[in-house]
>>> print(open('run-v7.cif').read())   # mmCIF, C-alpha atoms and all ligand atoms
data_data
loop_
_atom_site.label_atom_id
_atom_site.label_comp_id
_atom_site.auth_asym_id
_atom_site.auth_seq_id
_atom_site.Cartn_x
_atom_site.Cartn_y
_atom_site.Cartn_z
CA MET G 1 29.16 273.40 22.28
CA ALA G 2 25.69 274.68 23.10
CA THR G 3 25.25 276.49 26.42
CA THR G 4 23.38 274.47 29.03
CA TYR G 5 20.51 275.91 31.05
CA THR G 6 22.69 275.99 34.18
CA ASP G 7 25.45 277.87 32.36
CA LEU G 8 22.93 280.30 30.89
CA ILE G 9 21.42 281.14 34.28
CA ALA G 10 24.85 281.43 35.91
CA ASP G 11 25.94 283.76 33.13
CA ILE G 12 22.82 285.94 33.50
CA ARG G 13 23.25 286.09 37.28
CA ARG G 14 26.72 287.55 36.73
CA GLN G 15 25.29 290.30 34.56
CA ILE G 16 22.47 291.44 36.82
CA ARG G 17 22.18 292.76 40.36
CA THR G 18 20.35 290.68 42.95
CA VAL G 19 18.64 291.63 46.21
CA SER G 20 17.65 289.48 49.20
CA LEU G 21 14.06 289.02 50.37
CA GLU G 22 15.05 290.45 53.78
CA GLU G 23 16.23 293.62 52.03
CA ILE G 24 12.99 293.86 50.03
CA LYS G 25 10.96 293.52 53.23
CA HIS G 26 13.13 296.17 54.89
CA ARG G 27 12.61 298.57 51.98
CA LEU G 28 8.85 298.00 52.07
CA GLU G 29 8.78 298.80 55.79
CA GLN G 30 10.89 301.91 55.21
CA LYS G 31 8.61 302.83 52.30
CA ALA G 32 11.77 303.21 50.19
CA PRO G 33 11.12 304.13 46.55
CA MET G 34 10.92 300.91 44.57
CA VAL G 35 8.77 299.49 41.77
CA LEU G 36 8.20 295.87 42.71
CA VAL G 37 7.35 293.79 39.62
CA ASP G 38 5.93 290.27 39.92
CA VAL G 39 6.72 288.33 36.72
CA ARG G 40 4.86 285.12 37.60
CA GLU G 41 1.86 283.73 35.73
CA LYS G 42 -1.70 284.85 36.44
CA ASP G 43 -2.70 281.81 38.51
CA GLU G 44 0.37 282.21 40.73
CA TRP G 45 -0.42 285.92 41.23
CA ARG G 46 -4.01 285.14 42.15
CA ALA G 47 -2.82 283.00 45.07
CA GLY G 48 -1.05 286.00 46.62
CA TYR G 49 1.72 288.51 45.99
CA ILE G 50 4.08 290.87 47.84
CA PRO G 51 2.14 294.00 48.92
CA GLY G 52 2.39 296.84 46.42
CA ALA G 53 3.71 294.68 43.57
CA VAL G 54 2.78 295.33 39.93
CA HIS G 55 1.91 292.23 37.92
CA VAL G 56 3.67 291.82 34.56
CA PRO G 57 3.87 288.11 33.60
CA ARG G 58 7.25 287.13 32.13
CA GLY G 59 5.66 286.36 28.77
CA PHE G 60 4.28 289.91 28.50
CA LEU G 61 7.27 291.69 30.01
CA GLU G 62 8.72 293.35 26.92
CA ILE G 63 5.23 294.27 25.67
CA GLN G 64 3.83 295.72 28.90
CA ILE G 65 6.73 297.04 30.97
CA GLU G 66 7.00 300.47 29.33
CA SER G 67 3.34 301.23 30.02
CA LYS G 68 3.56 299.96 33.61
CA VAL G 69 7.01 301.44 34.41
CA PRO G 70 7.58 304.40 32.02
CA ASP G 71 10.58 305.81 33.94
CA LYS G 72 13.61 303.79 32.85
CA SER G 73 15.74 305.12 35.73
CA ALA G 74 13.20 304.02 38.38
CA PRO G 75 14.48 301.49 40.94
CA VAL G 76 12.86 298.25 39.72
CA VAL G 77 12.89 295.02 41.76
CA LEU G 78 11.72 291.88 39.98
CA TYR G 79 10.60 288.66 41.63
CA CYS G 80 9.09 285.35 40.60
CA ALA G 81 8.51 282.11 42.53
CA GLY G 82 12.12 280.99 42.91
CA GLY G 83 14.45 283.59 41.39
CA VAL G 84 15.07 282.24 37.86
CA ARG G 85 12.34 283.92 35.82
CA SER G 86 13.04 287.22 37.56
CA ALA G 87 16.75 286.93 36.67
CA LEU G 88 15.84 286.38 33.00
CA ALA G 89 13.41 289.30 33.22
CA ALA G 90 16.09 291.54 34.77
CA LYS G 91 18.38 290.87 31.82
CA SER G 92 15.57 291.79 29.39
CA LEU G 93 14.94 295.06 31.24
CA LEU G 94 18.64 295.97 31.08
CA GLU G 95 18.50 295.38 27.33
CA LEU G 96 15.42 297.62 27.13
CA GLY G 97 17.40 300.44 28.75
CA TYR G 98 16.27 300.20 32.39
CA THR G 99 19.25 301.32 34.44
CA ASN G 100 18.32 300.46 38.02
CA VAL G 101 17.13 296.84 37.98
CA GLU G 102 17.49 294.15 40.64
CA SER G 103 16.21 290.58 40.83
CA ALA G 104 15.19 288.90 44.10
CA THR G 105 17.60 286.08 44.93
CA LEU G 106 14.77 283.82 46.01
CA GLY G 107 11.14 284.31 45.20
CA PHE G 108 7.60 284.34 46.49
CA VAL G 109 7.65 280.71 47.66
CA ARG G 110 10.36 281.54 50.18
CA TRP G 111 8.73 284.90 50.99
CA LYS G 112 5.55 283.07 51.99
CA ASP G 113 7.49 280.46 54.01
CA LEU G 114 9.15 283.25 55.96
CA GLY G 115 5.68 284.52 56.91
CA TYR G 116 6.33 287.91 55.31
CA PRO G 117 3.28 290.06 54.49
CA MET G 118 1.34 289.21 51.37
CA GLU G 119 -1.78 290.44 49.63
CA LEU G 120 -4.42 288.65 47.62
CA PRO G 121 -5.80 290.22 44.46
CA PRO G 122 -9.50 291.08 44.65
CA GLN G 123 -11.64 288.18 43.56
CA LEU G 124 -15.03 289.70 44.28
CA THR G 125 -18.17 288.28 42.70
CA GLU G 126 -20.82 290.49 41.10
CA ALA G 127 -23.00 290.07 44.20
CA GLN G 128 -20.11 291.10 46.43
CA ARG G 129 -19.35 294.15 44.28
CA ASP G 130 -22.95 295.17 44.77
CA ARG G 131 -23.11 294.38 48.51
CA TYR G 132 -19.88 296.20 49.35
CA SER G 133 -20.22 299.02 46.78
CA ARG G 134 -20.06 301.73 49.48
CA HIS G 135 -16.73 300.27 50.64
CA LEU G 136 -15.41 300.02 47.08
CA LEU G 137 -16.04 303.75 46.67
CA LEU G 138 -13.64 304.51 49.53
CA PRO G 139 -10.02 304.67 48.32
CA GLU G 140 -8.92 303.53 51.81
CA VAL G 141 -10.90 300.28 51.37
CA GLY G 142 -11.50 299.59 47.67
CA GLU G 143 -11.40 296.09 46.21
CA VAL G 144 -8.08 295.23 47.85
CA GLY G 145 -9.33 296.34 51.26
CA GLN G 146 -12.63 294.50 50.86
CA GLN G 147 -10.71 291.36 49.98
CA LYS G 148 -8.65 291.84 53.16
CA LEU G 149 -11.88 292.04 55.17
CA LEU G 150 -13.24 288.92 53.45
CA ASN G 151 -10.01 287.11 54.31
CA GLY G 152 -10.07 288.54 57.86
CA ARG G 153 -10.67 286.38 60.92
CA VAL G 154 -11.98 288.07 64.05
CA LEU G 155 -12.64 286.29 67.34
CA LEU G 156 -15.38 287.76 69.52
CA LEU G 157 -15.18 286.88 73.19
CA GLY G 158 -18.80 287.04 74.28
CA ALA G 159 -21.95 287.18 72.18
CA GLY G 160 -23.60 289.54 74.64
CA GLY G 161 -23.86 293.31 75.00
CA LEU G 162 -20.57 294.28 73.36
CA GLY G 163 -20.30 291.24 71.09
CA SER G 164 -23.76 291.85 69.57
CA PRO G 165 -23.17 295.20 67.84
CA ALA G 166 -19.54 294.31 67.09
CA ALA G 167 -20.50 291.03 65.41
CA LEU G 168 -23.39 292.56 63.45
CA TYR G 169 -21.27 295.35 61.99
CA LEU G 170 -18.28 293.09 61.31
CA ALA G 171 -20.57 290.67 59.49
CA ALA G 172 -22.21 293.51 57.56
CA ALA G 173 -18.76 294.86 56.60
CA GLY G 174 -17.90 291.47 55.13
CA VAL G 175 -15.33 290.21 57.63
CA GLY G 176 -15.15 286.67 56.26
CA THR G 177 -14.72 284.62 59.44
CA LEU G 178 -16.14 285.43 62.84
CA GLY G 179 -15.39 283.25 65.86
CA LEU G 180 -17.95 283.49 68.66
CA VAL G 181 -17.13 282.36 72.19
CA ASP G 182 -20.05 282.19 74.61
CA GLY G 183 -21.29 279.40 76.85
CA ASP G 184 -24.62 281.03 77.80
CA VAL G 185 -28.15 280.71 76.52
CA VAL G 186 -30.37 283.64 75.53
CA ASP G 187 -32.38 285.00 78.45
CA ALA G 188 -35.23 287.50 78.15
CA SER G 189 -33.27 289.95 80.33
CA ASN G 190 -30.49 290.02 77.68
CA LEU G 191 -32.72 291.47 74.98
CA GLN G 192 -32.64 295.05 76.39
CA ARG G 193 -29.13 295.36 74.87
CA GLN G 194 -27.95 292.12 73.19
CA ILE G 195 -29.35 292.86 69.74
CA LEU G 196 -27.94 289.72 68.12
CA HIS G 197 -30.69 287.76 69.84
CA ALA G 198 -34.48 287.77 69.60
CA THR G 199 -37.54 287.00 71.66
CA SER G 200 -38.20 283.93 69.51
CA ARG G 201 -34.76 282.57 70.44
CA VAL G 202 -34.94 282.83 74.25
CA GLY G 203 -33.50 279.58 75.65
CA MET G 204 -31.31 278.94 72.59
CA ALA G 205 -27.50 278.84 72.94
CA LYS G 206 -26.21 282.36 72.32
CA VAL G 207 -23.70 281.13 69.71
CA ASP G 208 -26.54 279.46 67.76
CA SER G 209 -28.82 282.48 68.04
CA ALA G 210 -25.94 284.74 66.92
CA GLU G 211 -25.11 282.49 63.99
CA LYS G 212 -28.69 282.72 62.78
CA ALA G 213 -28.72 286.54 62.94
CA LEU G 214 -25.30 286.94 61.32
CA THR G 215 -25.69 284.51 58.43
CA ASP G 216 -29.10 286.00 57.74
CA LEU G 217 -27.46 289.43 57.52
CA ASN G 218 -24.54 288.27 55.35
CA PRO G 219 -24.15 284.76 53.94
CA ASP G 220 -20.51 285.57 53.01
CA VAL G 221 -19.58 285.26 56.67
CA LYS G 222 -18.38 281.97 58.10
CA ILE G 223 -19.22 281.55 61.78
CA ILE G 224 -17.05 279.40 64.05
CA LYS G 225 -18.87 278.65 67.30
CA PHE G 226 -17.25 278.00 70.68
CA GLU G 227 -20.02 277.19 73.14
CA GLU G 228 -17.74 277.39 76.17
CA ARG G 229 -16.05 279.79 78.57
CA VAL G 230 -12.41 280.74 77.93
CA THR G 231 -10.04 278.94 80.31
CA SER G 232 -6.30 278.26 80.50
CA GLU G 233 -7.08 274.82 79.05
CA ASN G 234 -8.87 275.92 75.89
CA ILE G 235 -7.51 279.41 75.13
CA ASP G 236 -4.74 278.22 72.79
CA ARG G 237 -7.22 276.17 70.79
CA ILE G 238 -9.77 279.00 70.61
CA PHE G 239 -7.27 281.74 69.63
CA GLU G 240 -5.70 279.60 66.88
CA GLY G 241 -5.99 281.13 63.42
CA PHE G 242 -7.61 284.45 64.38
CA ASP G 243 -6.07 287.81 63.41
CA VAL G 244 -7.82 290.05 65.94
CA ILE G 245 -9.52 289.43 69.28
CA VAL G 246 -12.51 291.59 70.24
CA ASP G 247 -12.87 291.24 73.99
CA GLY G 248 -16.28 291.87 75.45
CA CYS G 249 -15.87 289.62 78.52
CA ASP G 250 -15.83 291.83 81.56
CA ASN G 251 -14.38 289.63 84.29
CA PHE G 252 -10.94 289.42 85.85
CA PRO G 253 -9.92 285.81 85.17
CA THR G 254 -10.74 286.11 81.46
CA ARG G 255 -9.18 289.55 81.13
CA TYR G 256 -5.78 288.34 82.42
CA LEU G 257 -5.96 285.10 80.48
CA VAL G 258 -6.80 286.94 77.25
CA ASN G 259 -4.01 289.44 77.87
CA ASP G 260 -1.38 286.77 78.46
CA ALA G 261 -2.47 284.75 75.42
CA SER G 262 -2.41 287.85 73.24
CA VAL G 263 1.14 288.67 74.40
CA PHE G 264 2.36 285.06 73.94
CA LYS G 265 0.80 284.90 70.46
CA LYS G 266 1.35 288.56 69.51
CA LYS G 267 -2.31 289.05 68.60
CA PRO G 268 -4.04 292.43 68.95
CA VAL G 269 -6.93 292.67 71.40
CA VAL G 270 -9.62 295.33 71.17
CA HIS G 271 -10.81 295.69 74.72
CA GLY G 272 -14.16 297.18 75.69
CA SER G 273 -15.98 297.45 78.98
CA ILE G 274 -19.18 299.03 80.22
CA PHE G 275 -20.61 300.01 83.60
CA ARG G 276 -23.94 301.75 84.18
CA PHE G 277 -23.76 304.81 81.85
CA GLU G 278 -20.05 304.71 81.07
CA GLY G 279 -17.85 302.70 78.79
CA GLN G 280 -14.26 302.48 77.66
CA VAL G 281 -12.28 301.12 74.74
CA THR G 282 -8.60 300.58 74.01
CA THR G 283 -6.56 298.43 71.65
CA PHE G 284 -3.72 296.35 73.00
CA VAL G 285 -1.12 295.61 70.32
CA PRO G 286 1.53 293.43 72.01
CA PHE G 287 5.04 294.94 72.06
CA VAL G 288 3.81 298.07 70.22
CA GLY G 289 1.74 299.60 73.00
CA PRO G 290 1.03 298.62 76.59
CA CYS G 291 -0.69 295.36 77.53
CA TYR G 292 -3.26 295.04 80.30
CA ARG G 293 -0.58 293.93 82.78
CA CYS G 294 1.47 297.08 82.02
CA LEU G 295 -1.44 298.91 83.65
CA TYR G 296 -2.51 296.34 86.25
CA PRO G 297 0.28 293.75 86.76
CA GLU G 298 -1.84 291.52 89.02
CA PRO G 299 -5.55 291.24 89.78
CA PRO G 300 -6.64 292.83 93.07
CA PRO G 301 -6.98 290.43 96.01
CA PRO G 302 -10.46 288.87 95.96
CA HIS G 303 -11.71 290.89 98.98
CA LEU G 304 -10.86 294.14 97.13
CA ALA G 305 -12.23 293.07 93.76
CA PRO G 306 -15.32 294.91 92.53
CA SER G 307 -18.61 293.55 93.73
CA CYS G 308 -19.85 290.52 91.89
CA GLN G 309 -23.39 291.88 91.99
CA GLU G 310 -24.77 292.34 88.51
CA ALA G 311 -24.64 296.04 87.73
CA GLY G 312 -27.26 297.94 85.79
CA VAL G 313 -26.38 299.20 82.34
CA LEU G 314 -28.03 301.54 79.88
CA GLY G 315 -29.18 299.32 77.02
CA ILE G 316 -27.75 301.52 74.27
CA LEU G 317 -24.30 301.89 75.89
CA PRO G 318 -22.82 298.54 74.73
CA GLY G 319 -24.02 299.44 71.24
CA ILE G 320 -21.72 302.45 71.20
CA ILE G 321 -18.73 300.73 72.78
CA GLY G 322 -19.14 297.52 70.73
CA VAL G 323 -19.32 299.50 67.49
CA LEU G 324 -16.11 301.36 68.45
CA GLN G 325 -14.49 297.96 69.00
CA ALA G 326 -15.67 296.76 65.58
CA THR G 327 -14.22 299.92 64.02
CA GLU G 328 -10.81 299.17 65.55
CA ALA G 329 -10.96 295.55 64.33
CA VAL G 330 -11.76 296.66 60.78
CA LYS G 331 -8.88 299.18 60.85
CA ILE G 332 -6.49 296.44 62.00
CA LEU G 333 -7.60 294.18 59.13
CA LEU G 334 -7.28 297.01 56.61
CA GLY G 335 -4.01 298.31 58.08
CA LYS G 336 -5.45 301.86 57.97
CA GLY G 337 -5.80 304.72 60.41
CA ASP G 338 -4.57 305.29 63.96
CA LEU G 339 -5.50 302.62 66.46
CA LEU G 340 -6.34 303.20 70.12
CA THR G 341 -2.92 301.76 71.01
CA GLY G 342 -1.68 303.43 74.21
CA ARG G 343 -4.94 305.39 74.44
CA LEU G 344 -7.99 304.69 76.54
CA LEU G 345 -11.14 306.24 75.11
CA THR G 346 -13.82 306.74 77.72
CA TYR G 347 -17.46 307.58 77.07
CA ASP G 348 -19.94 309.07 79.50
CA SER G 349 -23.43 308.75 78.04
CA LEU G 350 -25.14 310.96 80.65
CA ARG G 351 -22.81 313.89 80.01
CA MET G 352 -22.36 312.84 76.37
CA LYS G 353 -18.60 313.23 76.60
CA PHE G 354 -15.69 311.30 75.14
CA ARG G 355 -12.31 311.58 76.85
CA GLU G 356 -8.91 310.13 76.12
CA LEU G 357 -6.25 308.95 78.58
CA LYS G 358 -2.67 308.05 77.69
CA LEU G 359 -1.59 304.51 78.60
CA ARG G 360 2.11 303.72 78.79
CA ARG G 361 4.07 300.54 78.32
CA ASP G 362 5.91 299.35 81.43
CA LYS G 363 9.45 298.05 80.91
CA SER G 364 9.05 295.94 84.05
CA CYS G 365 5.67 294.49 82.94
CA PRO G 366 5.47 290.82 84.02
CA ALA G 367 3.99 289.86 80.62
CA CYS G 368 5.50 292.10 77.91
CA GLY G 369 8.42 293.76 79.75
CA GLU G 370 12.16 293.26 79.34
CA SER G 371 12.31 290.23 81.63
CA PRO G 372 8.83 288.75 81.75
CA THR G 373 7.94 286.52 84.70
CA ILE G 374 4.67 285.25 83.31
CA THR G 375 5.38 282.49 80.83
CA SER G 376 2.34 280.25 81.28
CA TYR G 377 -1.37 280.78 81.89
CA ILE G 378 -2.75 281.51 85.34
CA ASP G 379 -6.34 280.77 86.28
CA TYR G 380 -7.44 283.42 88.75
CA GLU G 381 -10.33 281.77 90.49
CA GLY G 382 -12.34 283.30 93.29
CA PHE G 383 -13.59 286.20 91.21
CA CYS G 384 -17.02 286.61 89.83
CA ASN G 385 -17.45 285.23 86.35
CA ILE G 386 -20.35 287.22 85.08
CA GLY G 387 -19.78 288.42 81.54
ZN ZN M 401 2.73 294.63 79.41
#
>>> encode(input="run-v7.cif", output="structure tokens")
Amino acid sequence: MATTYTDLIADIRRQIRTVSLEEIKHRLEQKAPMVLVDVREKDEWRAGYIPGAVHVPRGFLEIQIESKVPDKSAPVVLYCAGGVRSALAAKSLLELGYTNVESATLGFVRWKDLGYPMELPPQLTEAQRDRYSRHLLLPEVGEVGQQKLLNGRVLLLGAGGLGSPAALYLAAAGVGTLGLVDGDVVDASNLQRQILHATSRVGMAKVDSAEKALTDLNPDVKIIKFEERVTSENIDRIFEGFDVIVDGCDNFPTRYLVNDASVFKKKPVVHGSIFRFEGQVTTFVPFVGPCYRCLYPEPPPPHLAPSCQEAGVLGILPGIIGVLQATEAVKILLGKGDLLTGRLLTYDSLRMKFRELKLRRDKSCPACGESPTITSYIDYEGFCNIG
């Protein structure tokens, strides 16, 4: 009697070694030696794959594998969408003399459902190749990195002093989606430093003025506008879907709200602030480094809070700090370099000095500590709300 499909697969599964998706993820994190081979079809690959995988469609396996994986003793892990094609492929590789072959028990469909990391193959147009050519020349960015930036979603809190340079450089770099949160309109006194805006746009909503500048700079960028102030009511809605938060709102209620939301949602926040001739930047990555409440568990009582008088600021200063924030955001999207996690970088423009302070995580932090006491948003009113 002819073998049925079910019998055939069961028989093959007995002859090959299998490996769980959890184990594959663990090996990737440990950077364990492994040649990950994706045997799905081209259109499946184009919709995303496991980071670092080599693409050899099942139909081309026997033809291409020796050029893609010349070492027959290399540890090879095969995967497909559900685990069947990779099992068939594993058997073929054993027959071809590969000695260390495993097939993923389940495939990419489950991998994606589990929310495990995935990459998209570069799908850059000719115009994009031209626009981002200086990025493509950097091995640390390249086509894969540029595609990550184009798929990246950065939320900018404030389209003012810090948000202006950050948004302009993020848009220029090709970060595909920028969220802008600002409830103000452009005032002539903003133009000394808020370079997103222009004299011709005084009186216009800042988010509209910013959208005009950014889409003019790079039409690849999608702008999502939030013409409002962040509150405990809207923060969940505003944060939804963004990978990185760039915080340029320098007031206490927002700072604590943003911190708590970033901890609840495990989203990194690149924090910047400026005062007169000095600025500072740090990157809060929840549960990796300290959060804002590790440093300052509660806001100061209102009578001790800094004066609500508008302070003077050197017009160029937010340019420097905002560009540092944009650099951190780009590194987060690319997954490259060392972030300012647990480090506060300070800049003194008069003395032209950068300094670095260590920031430590607090085990008893009310937000990210071992037994957190803050589990919902708190609106700290009574402080000044000038951004
Ligand atoms: Zn904390």
>>> atom_distance(input="run-v7.cif", atom1="atom CA of G:Gly289", atom2="atom CA of G:Leu150")
26.8 Å
>>> atom_distance(input="run-v7.cif", atom1="atom CA of G:Glu140", atom2="atom CA of G:Pro219")
24.3 Å
>>> atom_distance(input="run-v7.cif", atom1="atom CA of G:Gly83", atom2="atom CA of G:Ile16")
12.1 Å
>>> closest_residue(input="run-v7.cif", among="G:Asp250, G:Gln123, G:Arg293, G:Val288", to="G:Lys267", atoms="only C-alpha atoms")
G:Val288
>>> residues_near_ligand(input="run-v7.cif", ligand="ligand ZN 401 (chain M)", cutoff="9 Å", atoms="only C-alpha atoms and all ligand atoms", output="list in words")
Asn259, Asp260, Val263, Pro286, Phe287, Gly289, Pro290, Cys291, Tyr292, Arg293, Cys294, Leu295, Tyr296, Pro297, Arg361, Asp362, Lys363, Ser364, Cys365, Pro366, Ala367, Cys368, Gly369 and Pro372 of chain G
>>> closest_atom_pairs(input="run-v7.cif", of="stretch 170-230 of chain G", to="stretch 318-332 of chain G", cutoff="9 Å", atoms="only C-alpha atoms", output="Markdown table")
| residue | atom | partner | partner_atom | distance |
| --- | --- | --- | --- | --- |
| G:Leu170 | CA | G:Ala326 | CA | 6.2 |
| G:Ala173 | CA | G:Val330 | CA | 8.3 |
| G:Val175 | CA | G:Val330 | CA | 8.0 |
| G:Arg193 | CA | G:Pro318 | CA | 7.1 |
| G:Gln194 | CA | G:Pro318 | CA | 8.4 |
| G:Ile195 | CA | G:Gly319 | CA | 8.6 |
>>> write_last_selection(input="run-v7.cif", atoms="C-alpha atoms", output="mmCIF file, in the frame of the given file")
data_model
loop_
_atom_site.group_PDB
_atom_site.id
_atom_site.type_symbol
_atom_site.label_atom_id
_atom_site.label_comp_id
_atom_site.auth_asym_id
_atom_site.auth_seq_id
_atom_site.Cartn_x
_atom_site.Cartn_y
_atom_site.Cartn_z
ATOM 1 C CA LEU G 170 -18.280 293.090 61.310
ATOM 2 C CA ALA G 173 -18.760 294.860 56.600
ATOM 3 C CA VAL G 175 -15.330 290.210 57.630
ATOM 4 C CA ARG G 193 -29.130 295.360 74.870
ATOM 5 C CA GLN G 194 -27.950 292.120 73.190
ATOM 6 C CA ILE G 195 -29.350 292.860 69.740
#
>>> decode(input="run-v7.cif", residues="stretch 251-268 of chain G", atoms="N, CA and C atoms", output="compact mmCIF listing (two decimals), in the first residue's frame")
# COMPACT_ATOMS: atom_id res chain seq x y z
N ASN G 251 8.62 69.38 31.69
CA ASN G 251 7.81 69.75 32.85
C ASN G 251 7.52 68.50 33.68
N PHE G 252 7.32 68.70 34.98
CA PHE G 252 7.21 67.57 35.90
C PHE G 252 6.05 66.63 35.61
N PRO G 253 4.82 67.14 35.45
CA PRO G 253 3.72 66.18 35.26
C PRO G 253 3.96 65.26 34.08
N THR G 254 4.42 65.82 32.95
CA THR G 254 4.65 65.01 31.76
C THR G 254 5.79 64.04 31.96
N ARG G 255 6.86 64.50 32.63
CA ARG G 255 8.03 63.66 32.82
C ARG G 255 7.66 62.38 33.59
N TYR G 256 6.88 62.52 34.66
CA TYR G 256 6.49 61.34 35.45
C TYR G 256 5.50 60.46 34.69
N LEU G 257 4.59 61.10 33.99
CA LEU G 257 3.61 60.35 33.20
C LEU G 257 4.30 59.53 32.10
N VAL G 258 5.24 60.18 31.41
CA VAL G 258 5.98 59.52 30.34
C VAL G 258 6.81 58.38 30.90
N ASN G 259 7.43 58.61 32.05
CA ASN G 259 8.23 57.56 32.67
C ASN G 259 7.36 56.34 33.00
N ASP G 260 6.22 56.59 33.65
CA ASP G 260 5.40 55.47 34.09
C ASP G 260 4.85 54.70 32.89
N ALA G 261 4.44 55.44 31.85
CA ALA G 261 3.93 54.77 30.64
C ALA G 261 5.04 53.94 30.00
N SER G 262 6.25 54.48 29.97
CA SER G 262 7.35 53.75 29.32
C SER G 262 7.68 52.47 30.09
N VAL G 263 7.57 52.52 31.42
CA VAL G 263 7.82 51.33 32.24
C VAL G 263 6.68 50.32 32.02
N PHE G 264 5.43 50.79 32.08
CA PHE G 264 4.29 49.87 31.90
C PHE G 264 4.38 49.18 30.53
N LYS G 265 4.78 49.96 29.52
CA LYS G 265 4.75 49.43 28.14
C LYS G 265 6.12 48.97 27.66
N LYS G 266 7.12 49.07 28.54
CA LYS G 266 8.48 48.65 28.19
C LYS G 266 8.98 49.31 26.91
N LYS G 267 8.77 50.64 26.81
CA LYS G 267 9.26 51.36 25.63
C LYS G 267 10.42 52.28 26.04
N PRO G 268 11.50 52.30 25.25
CA PRO G 268 12.61 53.19 25.59
C PRO G 268 12.27 54.66 25.40
